$ cat protein.txt   # compact mmCIF, C-alpha atoms and all ligand atoms
# COMPACT_ATOMS: atom_id res chain seq x y z
CA MET A 1 0.00 0.00 0.00
CA ASN A 2 1.38 3.37 -1.03
CA VAL A 3 0.59 6.35 1.19
CA PRO A 4 0.76 9.76 -0.50
CA MET A 5 2.05 12.83 1.33
CA LEU A 6 -1.24 14.55 0.56
CA ASP A 7 -4.42 13.27 -1.10
CA LEU A 8 -6.54 16.17 -2.26
CA VAL A 9 -8.69 13.82 -4.34
CA ALA A 10 -9.76 12.05 -1.14
CA GLN A 11 -10.85 15.40 0.29
CA TYR A 12 -12.56 16.39 -2.97
CA SER A 13 -14.84 13.37 -2.86
CA THR A 14 -16.14 14.43 0.58
CA ILE A 15 -16.91 18.07 -0.33
CA LYS A 16 -17.60 17.85 -4.06
CA ASP A 17 -21.33 18.69 -3.95
CA ASP A 18 -20.90 21.71 -1.64
CA VAL A 19 -18.00 23.19 -3.55
CA LEU A 20 -19.34 22.64 -7.06
CA ALA A 21 -22.66 24.21 -6.09
CA ALA A 22 -20.86 27.26 -4.65
CA MET A 23 -18.73 27.60 -7.77
CA MET A 24 -21.71 27.28 -10.09
CA LYS A 25 -23.39 30.17 -8.29
CA VAL A 26 -20.46 32.37 -9.27
CA VAL A 27 -20.50 31.04 -12.80
CA GLU A 28 -24.24 31.66 -13.21
CA THR A 29 -23.89 35.30 -12.13
CA GLN A 30 -20.57 35.79 -14.00
CA GLN A 31 -19.30 38.00 -11.15
CA PHE A 32 -15.73 36.80 -11.24
CA ILE A 33 -14.02 39.91 -9.85
CA MET A 34 -14.79 40.87 -6.24
CA GLY A 35 -18.14 39.10 -6.29
CA PRO A 36 -20.15 38.64 -3.08
CA ALA A 37 -18.22 35.51 -2.03
CA VAL A 38 -15.10 37.64 -1.47
CA PRO A 39 -16.50 39.92 1.28
CA GLN A 40 -18.36 36.94 2.75
CA LEU A 41 -15.13 34.97 3.07
CA GLU A 42 -13.30 38.06 4.37
CA ALA A 43 -15.86 38.39 7.16
CA GLU A 44 -15.65 34.68 7.93
CA ILE A 45 -11.84 34.56 8.13
CA ALA A 46 -11.73 37.77 10.19
CA ARG A 47 -14.23 36.25 12.64
CA LEU A 48 -12.17 33.06 12.85
CA SER A 49 -9.09 35.19 13.58
CA HIS A 50 -10.78 37.39 16.22
CA ALA A 51 -9.92 40.33 13.95
CA THR A 52 -11.98 43.21 12.60
CA HIS A 53 -11.01 43.11 8.93
CA GLY A 54 -10.24 40.47 6.34
CA ILE A 55 -8.71 41.60 3.06
CA GLY A 56 -8.49 38.94 0.37
CA CYS A 57 -5.54 38.93 -1.99
CA ALA A 58 -4.00 36.81 -4.72
CA SER A 59 -1.70 34.58 -2.64
CA GLY A 60 -0.15 33.99 0.75
CA THR A 61 2.96 35.67 -0.56
CA ASP A 62 1.02 38.85 -1.32
CA ALA A 63 -0.64 38.61 2.11
CA LEU A 64 2.86 39.18 3.55
CA LEU A 65 4.15 41.54 0.86
CA LEU A 66 1.31 44.07 1.11
CA PRO A 67 1.58 44.72 4.88
CA LEU A 68 5.35 45.02 4.47
CA LYS A 69 4.75 47.56 1.68
CA ALA A 70 2.41 49.40 4.00
CA LEU A 71 5.41 50.00 6.29
CA ASN A 72 7.08 52.12 3.55
CA LEU A 73 10.44 50.46 4.18
CA LYS A 74 13.52 52.43 3.19
CA SER A 75 16.79 50.88 2.10
CA GLY A 76 18.51 49.43 5.17
CA ASP A 77 15.32 49.01 7.17
CA GLU A 78 15.30 45.65 8.92
CA VAL A 79 12.65 43.02 9.47
CA ILE A 80 13.50 40.26 11.94
CA THR A 81 12.34 36.80 10.98
CA THR A 82 13.10 33.09 11.15
CA PRO A 83 15.37 31.34 8.66
CA PHE A 84 13.46 28.07 9.09
CA THR A 85 10.41 28.72 6.93
CA PHE A 86 9.14 28.77 3.37
CA PHE A 87 11.00 31.19 1.13
CA ALA A 88 8.14 33.69 0.82
CA THR A 89 8.62 34.88 4.40
CA ALA A 90 11.99 36.45 3.62
CA GLY A 91 11.48 36.95 -0.12
CA THR A 92 8.68 39.40 0.60
CA ILE A 93 10.84 41.38 3.04
CA HIS A 94 13.42 41.80 0.27
CA ASN A 95 10.76 42.66 -2.33
CA ALA A 96 9.22 45.28 -0.04
CA GLY A 97 12.60 47.01 0.06
CA GLY A 98 13.73 45.80 3.47
CA THR A 99 16.57 43.66 4.76
CA PRO A 100 15.71 40.33 6.35
CA VAL A 101 17.45 39.80 9.69
CA PHE A 102 17.47 36.12 10.52
CA VAL A 103 17.52 34.91 14.11
CA ASP A 104 17.59 31.38 15.42
CA ILE A 105 14.68 29.13 16.33
CA GLN A 106 13.70 27.31 19.50
CA PRO A 107 14.83 23.73 18.93
CA ASP A 108 11.71 22.17 20.46
CA THR A 109 8.95 23.98 18.52
CA PHE A 110 11.02 25.08 15.48
CA ASN A 111 9.55 28.57 15.98
CA ILE A 112 11.44 31.88 16.22
CA ASP A 113 13.18 32.42 19.57
CA PRO A 114 11.90 35.63 21.23
CA ALA A 115 15.16 36.05 23.18
CA ALA A 116 17.06 36.05 19.88
CA VAL A 117 14.59 38.56 18.45
CA LYS A 118 15.22 40.87 21.39
CA ARG A 119 18.99 40.72 20.86
CA ALA A 120 18.60 41.49 17.15
CA ILE A 121 16.59 44.69 17.53
CA THR A 122 18.42 47.79 16.23
CA PRO A 123 17.33 51.36 15.51
CA ARG A 124 16.65 50.18 11.93
CA THR A 125 14.22 47.41 12.97
CA ARG A 126 10.78 48.12 11.53
CA ALA A 127 8.97 44.83 12.02
CA ILE A 128 9.14 41.33 13.46
CA MET A 129 7.73 38.55 11.29
CA PRO A 130 7.18 35.30 13.20
CA VAL A 131 5.97 32.20 11.36
CA HIS A 132 3.61 29.80 13.10
CA LEU A 133 5.52 26.88 11.68
CA TYR A 134 3.82 23.61 10.80
CA GLY A 135 0.61 24.88 12.47
CA GLN A 136 1.87 25.73 15.96
CA MET A 137 1.83 29.33 17.15
CA ALA A 138 5.02 31.14 18.02
CA ASP A 139 5.37 32.81 21.42
CA MET A 140 3.14 35.76 20.53
CA LEU A 141 2.97 37.20 24.05
CA GLU A 142 6.74 37.68 24.21
CA LEU A 143 6.96 38.87 20.61
CA MET A 144 4.17 41.42 21.06
CA GLN A 145 5.81 42.73 24.23
CA ILE A 146 9.14 43.15 22.44
CA GLY A 147 7.41 44.84 19.51
CA ARG A 148 5.42 47.18 21.72
CA ALA A 149 8.43 48.16 23.82
CA ARG A 150 10.42 49.08 20.69
CA GLY A 151 7.60 50.55 18.60
CA VAL A 152 7.97 47.77 16.04
CA LYS A 153 5.08 46.07 14.23
CA VAL A 154 4.52 42.32 14.38
CA ILE A 155 3.34 40.72 11.13
CA GLU A 156 2.24 37.10 11.59
CA ASP A 157 2.97 34.62 8.84
CA ALA A 158 0.06 32.29 9.55
CA ALA A 159 0.16 30.57 6.14
CA GLN A 160 0.41 27.21 7.91
CA ALA A 161 -1.66 28.01 10.98
CA ILE A 162 -5.25 28.97 10.24
CA GLY A 163 -7.28 28.14 13.35
CA ALA A 164 -4.25 27.47 15.57
CA ARG A 165 -4.57 28.84 19.09
CA ARG A 166 -2.50 29.51 22.14
CA LYS A 167 -3.48 30.02 25.76
CA ILE A 168 -2.18 33.34 27.01
CA ASP A 169 -3.03 34.45 30.57
CA GLY A 170 -5.71 31.76 30.73
CA GLU A 171 -7.42 32.83 27.48
CA TRP A 172 -7.35 31.24 24.04
CA ARG A 173 -5.80 33.59 21.50
CA VAL A 174 -5.84 32.58 17.86
CA ALA A 175 -3.45 33.05 14.99
CA GLY A 176 -4.22 36.44 13.47
CA GLU A 177 -5.56 37.97 16.67
CA LEU A 178 -2.56 39.65 18.26
CA GLY A 179 -0.28 40.75 15.42
CA TRP A 180 -0.65 44.04 13.57
CA VAL A 181 -1.44 42.27 10.30
CA THR A 182 -1.53 38.53 9.65
CA GLY A 183 -1.10 36.79 6.31
CA TYR A 184 -2.84 33.53 5.38
CA SER A 185 -2.25 31.35 2.32
CA PHE A 186 -4.96 29.35 0.60
CA PHE A 187 -2.49 27.41 -1.55
CA PRO A 188 -4.21 24.06 -2.27
CA SER A 189 -2.00 22.06 0.11
CA LYS A 190 -2.61 24.35 3.11
CA ASN A 191 -5.13 23.30 5.78
CA LEU A 192 -7.74 25.55 4.15
CA GLY A 193 -6.83 25.23 0.50
CA ALA A 194 -8.40 26.82 -2.56
CA TRP A 195 -8.52 25.27 -6.02
CA GLY A 196 -5.74 27.59 -7.12
CA ASP A 197 -3.83 30.44 -5.54
CA GLY A 198 -5.32 32.71 -2.91
CA GLY A 199 -4.49 34.56 0.27
CA MET A 200 -5.89 36.86 2.92
CA MET A 201 -4.73 39.50 5.37
CA VAL A 202 -6.50 40.10 8.66
CA THR A 203 -6.08 43.06 11.00
CA SER A 204 -7.96 44.98 13.66
CA ASP A 205 -6.29 48.27 12.70
CA ASP A 206 -8.84 50.26 10.66
CA ALA A 207 -6.25 52.48 9.01
CA ALA A 208 -4.12 49.48 8.05
CA ALA A 209 -7.17 47.77 6.55
CA ASP A 210 -7.91 50.81 4.37
CA ARG A 211 -4.31 50.98 3.24
CA LEU A 212 -4.15 47.25 2.41
CA LYS A 213 -7.39 47.49 0.41
CA ARG A 214 -5.84 50.31 -1.61
CA LEU A 215 -2.55 48.49 -2.12
CA ARG A 216 -4.28 45.42 -3.57
CA LEU A 217 -6.16 47.59 -6.08
CA HIS A 218 -3.49 49.77 -7.69
CA GLY A 219 -3.38 52.17 -4.79
CA GLY A 220 -6.82 53.68 -5.31
CA ALA A 221 -9.83 53.41 -3.02
CA LYS A 222 -11.88 54.95 -5.83
CA GLN A 223 -11.58 53.54 -9.35
CA TYR A 224 -9.21 55.58 -11.58
CA HIS A 225 -8.04 57.70 -8.60
CA HIS A 226 -4.61 56.64 -7.40
CA ASP A 227 -3.29 57.97 -4.10
CA GLU A 228 -0.23 55.73 -4.34
CA VAL A 229 1.13 52.95 -6.50
CA GLY A 230 -0.26 49.55 -5.57
CA THR A 231 -0.78 46.37 -7.54
CA ASN A 232 -3.46 43.97 -8.71
CA SER A 233 -3.76 41.37 -5.98
CA ARG A 234 -7.41 40.45 -5.61
CA LEU A 235 -8.75 37.16 -4.33
CA ASP A 236 -10.53 35.43 -7.22
CA THR A 237 -14.28 35.11 -6.59
CA LEU A 238 -14.33 31.45 -7.67
CA GLN A 239 -11.62 30.72 -5.12
CA ALA A 240 -13.52 32.62 -2.43
CA ALA A 241 -16.59 30.49 -3.20
CA VAL A 242 -14.55 27.27 -2.91
CA LEU A 243 -13.09 28.43 0.40
CA LEU A 244 -16.46 29.51 1.82
CA ALA A 245 -17.81 26.04 1.10
CA LYS A 246 -14.78 24.47 2.81
CA VAL A 247 -14.60 26.67 5.94
CA PRO A 248 -17.33 24.73 7.82
CA TYR A 249 -15.12 21.60 7.61
CA LEU A 250 -11.95 23.25 8.89
CA ALA A 251 -12.38 22.53 12.61
CA GLN A 252 -13.13 18.83 12.04
CA TRP A 253 -10.19 18.53 9.63
CA SER A 254 -7.86 20.06 12.23
CA ALA A 255 -9.22 17.66 14.87
CA LYS A 256 -8.49 14.72 12.54
CA ARG A 257 -4.94 15.97 11.99
CA ARG A 258 -4.44 16.18 15.77
CA GLU A 259 -5.82 12.66 16.15
CA HIS A 260 -3.39 11.31 13.53
CA ALA A 261 -0.52 13.19 15.16
CA ALA A 262 -1.31 11.65 18.56
CA TYR A 263 -1.41 8.22 16.92
CA TYR A 264 2.01 8.67 15.33
CA THR A 265 3.54 10.13 18.47
CA LYS A 266 2.33 7.18 20.54
CA ALA A 267 3.54 4.71 17.93
CA PHE A 268 7.02 6.29 17.88
CA GLY A 269 7.18 6.56 21.67
CA ASP A 270 9.84 3.85 22.14
CA LEU A 271 11.77 4.50 18.94
CA LEU A 272 14.98 6.20 20.02
CA GLN A 273 16.08 7.27 16.55
CA VAL A 274 13.21 9.71 15.97
CA LYS A 275 11.90 12.61 18.00
CA PRO A 276 8.18 13.36 17.51
CA PRO A 277 7.09 17.00 17.31
CA VAL A 278 6.95 18.85 20.62
CA VAL A 279 3.71 20.71 21.24
CA ASP A 280 4.15 23.66 23.58
CA PRO A 281 1.63 23.00 26.39
CA ALA A 282 0.15 26.46 25.79
CA ASN A 283 -0.61 25.61 22.16
CA GLU A 284 -3.33 23.86 20.26
CA HIS A 285 -1.47 22.65 17.17
CA ILE A 286 -3.31 22.25 13.87
CA PHE A 287 -0.61 20.01 12.34
CA HIS A 288 -0.27 21.49 8.91
CA GLN A 289 2.79 19.25 9.03
CA TYR A 290 3.75 16.41 11.34
CA THR A 291 7.51 16.78 11.52
CA LEU A 292 9.94 14.41 13.17
CA ARG A 293 13.58 14.87 13.91
CA ALA A 294 15.20 11.73 12.59
CA GLU A 295 18.63 10.15 12.77
CA ARG A 296 20.10 9.51 9.29
CA ARG A 297 17.28 11.61 7.88
CA ASP A 298 18.33 11.42 4.24
CA ASP A 299 18.67 7.63 4.36
CA LEU A 300 15.25 7.40 6.00
CA ALA A 301 13.80 9.56 3.22
CA ALA A 302 15.33 7.31 0.57
CA HIS A 303 13.89 4.26 2.36
CA LEU A 304 10.40 5.81 2.51
CA LYS A 305 10.62 6.69 -1.17
CA LYS A 306 11.43 3.07 -2.00
CA GLU A 307 8.52 1.93 0.17
CA GLY A 308 6.03 4.26 -1.50
CA ILE A 309 5.50 6.38 1.61
CA GLY A 310 5.00 10.09 1.08
CA HIS A 311 7.30 12.42 3.01
CA ALA A 312 8.91 15.82 2.60
CA VAL A 313 11.78 17.82 4.00
CA TYR A 314 10.61 21.25 5.13
CA TYR A 315 13.16 22.86 4.84
CA PRO A 316 16.47 21.46 3.61
CA ILE A 317 18.33 24.79 3.42
CA PRO A 318 17.58 27.52 5.97
CA LEU A 319 17.03 30.88 4.34
CA HIS A 320 20.16 32.52 5.78
CA ARG A 321 22.19 29.97 3.76
CA GLN A 322 20.35 30.50 0.45
CA PRO A 323 22.57 31.80 -2.37
CA CYS A 324 20.25 34.78 -2.97
CA PHE A 325 20.94 36.04 0.57
CA ALA A 326 24.70 35.35 0.50
CA ASP A 327 25.46 39.08 0.62
CA LEU A 328 23.79 39.31 4.05
CA GLY A 329 26.91 37.53 5.32
CA TYR A 330 25.54 34.64 7.37
CA LYS A 331 28.04 31.80 7.66
CA ASP A 332 27.63 28.10 8.19
CA GLY A 333 27.06 27.73 11.93
CA SER A 334 25.70 31.24 12.49
CA LEU A 335 22.19 29.99 13.34
CA PRO A 336 22.91 26.49 14.63
CA HIS A 337 19.42 25.43 15.72
CA ALA A 338 17.92 26.22 12.33
CA GLU A 339 20.79 24.48 10.59
CA GLN A 340 20.45 21.36 12.73
CA ALA A 341 16.69 21.29 12.09
CA SER A 342 17.33 21.47 8.35
CA HIS A 343 19.42 18.30 8.63
CA GLU A 344 17.01 16.38 10.89
CA ALA A 345 13.45 17.39 9.99
CA ILE A 346 11.21 15.10 7.98
CA SER A 347 7.45 15.50 7.58
CA LEU A 348 5.01 12.59 7.25
CA PRO A 349 1.53 12.32 5.72
CA ILE A 350 -0.95 13.95 8.12
CA TYR A 351 -3.94 14.91 5.92
CA PRO A 352 -7.37 14.39 7.56
CA GLU A 353 -8.60 11.59 5.28
CA LEU A 354 -5.74 9.21 6.20
CA THR A 355 -7.01 5.81 7.32
CA ARG A 356 -5.77 3.71 10.24
CA PRO A 357 -4.15 1.13 7.88
CA GLN A 358 -2.34 3.98 6.11
CA LEU A 359 -1.07 5.38 9.41
CA ASP A 360 0.12 1.91 10.40
CA ARG A 361 1.85 1.51 7.07
CA VAL A 362 3.81 4.74 7.66
CA VAL A 363 4.74 3.68 11.19
CA ASP A 364 5.84 0.21 10.05
CA ALA A 365 8.00 1.62 7.26
CA ILE A 366 9.81 3.91 9.71
CA ARG A 367 10.25 1.25 12.37
CA GLY A 368 11.43 -1.14 9.66
CA PHE A 369 14.15 1.28 8.59
CA TYR A 370 15.69 1.51 12.07
CA ARG A 371 15.32 -2.19 12.88
C1 LIG A 401 2.70 28.69 1.81
C2 LIG A 401 3.47 29.68 2.60
C3 LIG A 401 3.60 31.02 2.19
C4 LIG A 401 3.19 31.53 0.85
O1 LIG A 401 1.90 31.24 0.41
P1 LIG A 401 1.55 31.19 -1.14
O2 LIG A 401 0.05 31.18 -1.11
O3 LIG A 401 2.12 29.94 -1.69
O4 LIG A 401 2.08 32.41 -1.80
C5 LIG A 401 4.24 31.90 3.05
N1 LIG A 401 4.77 31.50 4.21
C6 LIG A 401 4.68 30.22 4.63
C7 LIG A 401 5.26 29.85 5.95
C8 LIG A 401 4.05 29.27 3.83
O5 LIG A 401 4.00 28.00 4.25

$ encode --input "protein.txt" --output "structure tokens"
Amino acid sequence: MNVPMLDLVAQYSTIKDDVLAAMMKVVETQQFIMGPAVPQLEAEIARLSHATHGIGCASGTDALLLPLKALNLKSGDEVITTPFTFFATAGTIHNAGGTPVFVDIQPDTFNIDPAAVKRAITPRTRAIMPVHLYGQMADMLELMQIGRARGVKVIEDAAQAIGARRKIDGEWRVAGELGWVTGYSFFPSKNLGAWGDGGMMVTSDDAAADRLKRLRLHGGAKQYHHDEVGTNSRLDTLQAAVLLAKVPYLAQWSAKRREHAAYYTKAFGDLLQVKPPVVDPANEHIFHQYTLRAERRDDLAAHLKKEGIGHAVYYPIPLHRQPCFADLGYKDGSLPHAEQASHEAISLPIYPELTRPQLDRVVDAIRGFYR
């Protein structure tokens, strides 16, 4: 039995009728640009994020780029972020005119280390961009306190963490609630995936919301009046309709992912060569990825490939070691926790529709490798 890393066809068969009906409604009215599904989804995602505004855009990348643009970064302005993330996190900082400043991660959660953020603040720091990696929130309380003390905005990269929450002072706070602006991705493989590209920003800052709405529409609140230069980054109405039909399933999908994660973690309990993901006790993880640290990771990956077991390495090269950022001057060994994670991390299939026999097959293949 082969087990794919992700099986979107399995999900499709469970939601087909809902999604096709929602799409057909858009088709029948031919309102493809900013049709009613867009503001409906914006309201829904804002509500889910305990935020006032949702602003749809073309991708998760743009959902980070536009708030960075709204900071009006000047050459030399710095944005502190993690090197252990998808490229877009730092690529957007560069494309907004800023300089990414990479700091190390916490080895247990793989998330940005607030103490390292604090040490990296300079007079040129304009923002902190934590990533809620694999679906587990970063230490937002600490990060917000650092940001507030230094007058620096916090932009959450929640592309992998829609619906994730964290208990702070006895209260559940969700991804997208505390940061200045938060970016989500609806890339098809994300926990809430469209049938194409899509993204959304959420914020509770009214002025920021107005600015972001302008920036996604060529800088003009009123058609053919341009207060500044923006771009075309709308969320496609068909995609908004797909997502609206899928939102009601999100909580049960996340619960399934947590259930699978608990199953794996129990099954690997006595296996000394792998370390299951650590969930910070304050967090409710949504397991966008289930990521082990594994001895002889690359050999394990080759073994799983041979066995027909889906897996992926997120991320094999931390961003501070990417050739495009060579001129920033980070050396091998400069961010050791991120570098070690890039050598040890391996993600396993964790999509909601996985069956018990499939989970067992993954477990057996891994145990078999170390036997
Ligand atoms: C997917 C992802 C993005 C970018 O989203 P796109 O929709 O693919 O542009 C940004 N940051 C992280 C951490 C991601 O996982």

$ residues_near_ligand --input "protein.txt" --ligand "ligand LIG 401 (chain A)" --cutoff "6 Å" --atoms "all atoms listed in the file" --output "PyMOL selection string"
chain A and resi 59-61+85-86+88-89+131+157+159-160+185-187+197-199

$ write_last_selection --input "protein.txt" --atoms "C-alpha atoms" --output "PDB file, in the coordinates of the input"
ATOM      1  CA  SER A  59      -1.700  34.580  -2.640  1.00  0.00           C
ATOM      2  CA  GLY A  60      -0.150  33.990   0.750  1.00  0.00           C
ATOM      3  CA  THR A  61       2.960  35.670  -0.560  1.00  0.00           C
ATOM      4  CA  THR A  85      10.410  28.720   6.930  1.00  0.00           C
ATOM      5  CA  PHE A  86       9.140  28.770   3.370  1.00  0.00           C
ATOM      6  CA  ALA A  88       8.140  33.690   0.820  1.00  0.00           C
ATOM      7  CA  THR A  89       8.620  34.880   4.400  1.00  0.00           C
ATOM      8  CA  VAL A 131       5.970  32.200  11.360  1.00  0.00           C
ATOM      9  CA  ASP A 157       2.970  34.620   8.840  1.00  0.00           C
ATOM     10  CA  ALA A 159       0.160  30.570   6.140  1.00  0.00           C
ATOM     11  CA  GLN A 160       0.410  27.210   7.910  1.00  0.00           C
ATOM     12  CA  SER A 185      -2.250  31.350   2.320  1.00  0.00           C
ATOM     13  CA  PHE A 186      -4.960  29.350   0.600  1.00  0.00           C
ATOM     14  CA  PHE A 187      -2.490  27.410  -1.550  1.00  0.00           C
ATOM     15  CA  ASP A 197      -3.830  30.440  -5.540  1.00  0.00           C
ATOM     16  CA  GLY A 198      -5.320  32.710  -2.910  1.00  0.00           C
ATOM     17  CA  GLY A 199      -4.490  34.560   0.270  1.00  0.00           C
TER      18      GLY A 199
END

$ residues_around --input "protein.txt" --residues "A:Asp210" --least-positions-apart "4" --cutoff "10 Å" --atoms "only C-alpha atoms" --output "list in words"
His53, Ile55, Asp205, Asp206, Arg214, Leu215 and Ala221 of chain A

$ closest_atom_pairs --input "protein.txt" --of "stretch 109-219 of chain A" --to "stretch 72-80 of chain A" --cutoff "9 Å" --atoms "all atoms listed in the file" --output "Markdown table"
| residue | atom | partner | partner_atom | distance |
| --- | --- | --- | --- | --- |
| A:Val117 | CA | A:Ile80 | CA | 6.8 |
| A:Ala120 | CA | A:Ile80 | CA | 7.4 |
| A:Ile121 | CA | A:Ile80 | CA | 7.8 |
| A:Thr122 | CA | A:Glu78 | CA | 8.2 |
| A:Pro123 | CA | A:Asp77 | CA | 8.9 |
| A:Arg124 | CA | A:Asp77 | CA | 5.1 |
| A:Thr125 | CA | A:Glu78 | CA | 4.5 |
| A:Arg126 | CA | A:Glu78 | CA | 5.8 |
| A:Ala127 | CA | A:Val79 | CA | 4.8 |
| A:Ile128 | CA | A:Ile80 | CA | 4.7 |
| A:Met129 | CA | A:Ile80 | CA | 6.1 |
| A:Pro130 | CA | A:Ile80 | CA | 8.1 |

$ atom_distance --input "protein.txt" --atom1 "atom CA of A:Asn95" --atom2 "atom CA of A:Ala207"
22.7 Å

$ closest_residue --input "protein.txt" --among "A:Gln11, A:Thr82, A:Ser204, A:Gln145" --to "A:Val101" --atoms "only C-alpha atoms"
A:Thr82

$ residues_around --input "protein.txt" --residues "A:Arg148" --least-positions-apart "4" --cutoff "12 Å" --atoms "all atoms listed in the file" --output "list in words"
Lys118, Arg126, Ala127, Ile128, Met140, Leu141, Glu142, Leu143, Met144, Val152, Lys153, Val154, Leu178, Gly179 and Trp180 of chain A

$ write_last_selection --input "protein.txt" --atoms "C-alpha atoms" --output "CSV table (one decimal), in the coordinates of the input"
chain,number,residue,atom,x,y,z
A,118,LYS,CA,15.2,40.9,21.4
A,126,ARG,CA,10.8,48.1,11.5
A,127,ALA,CA,9.0,44.8,12.0
A,128,ILE,CA,9.1,41.3,13.5
A,140,MET,CA,3.1,35.8,20.5
A,141,LEU,CA,3.0,37.2,24.0
A,142,GLU,CA,6.7,37.7,24.2
A,143,LEU,CA,7.0,38.9,20.6
A,144,MET,CA,4.2,41.4,21.1
A,152,VAL,CA,8.0,47.8,16.0
A,153,LYS,CA,5.1,46.1,14.2
A,154,VAL,CA,4.5,42.3,14.4
A,178,LEU,CA,-2.6,39.6,18.3
A,179,GLY,CA,-0.3,40.8,15.4
A,180,TRP,CA,-0.6,44.0,13.6
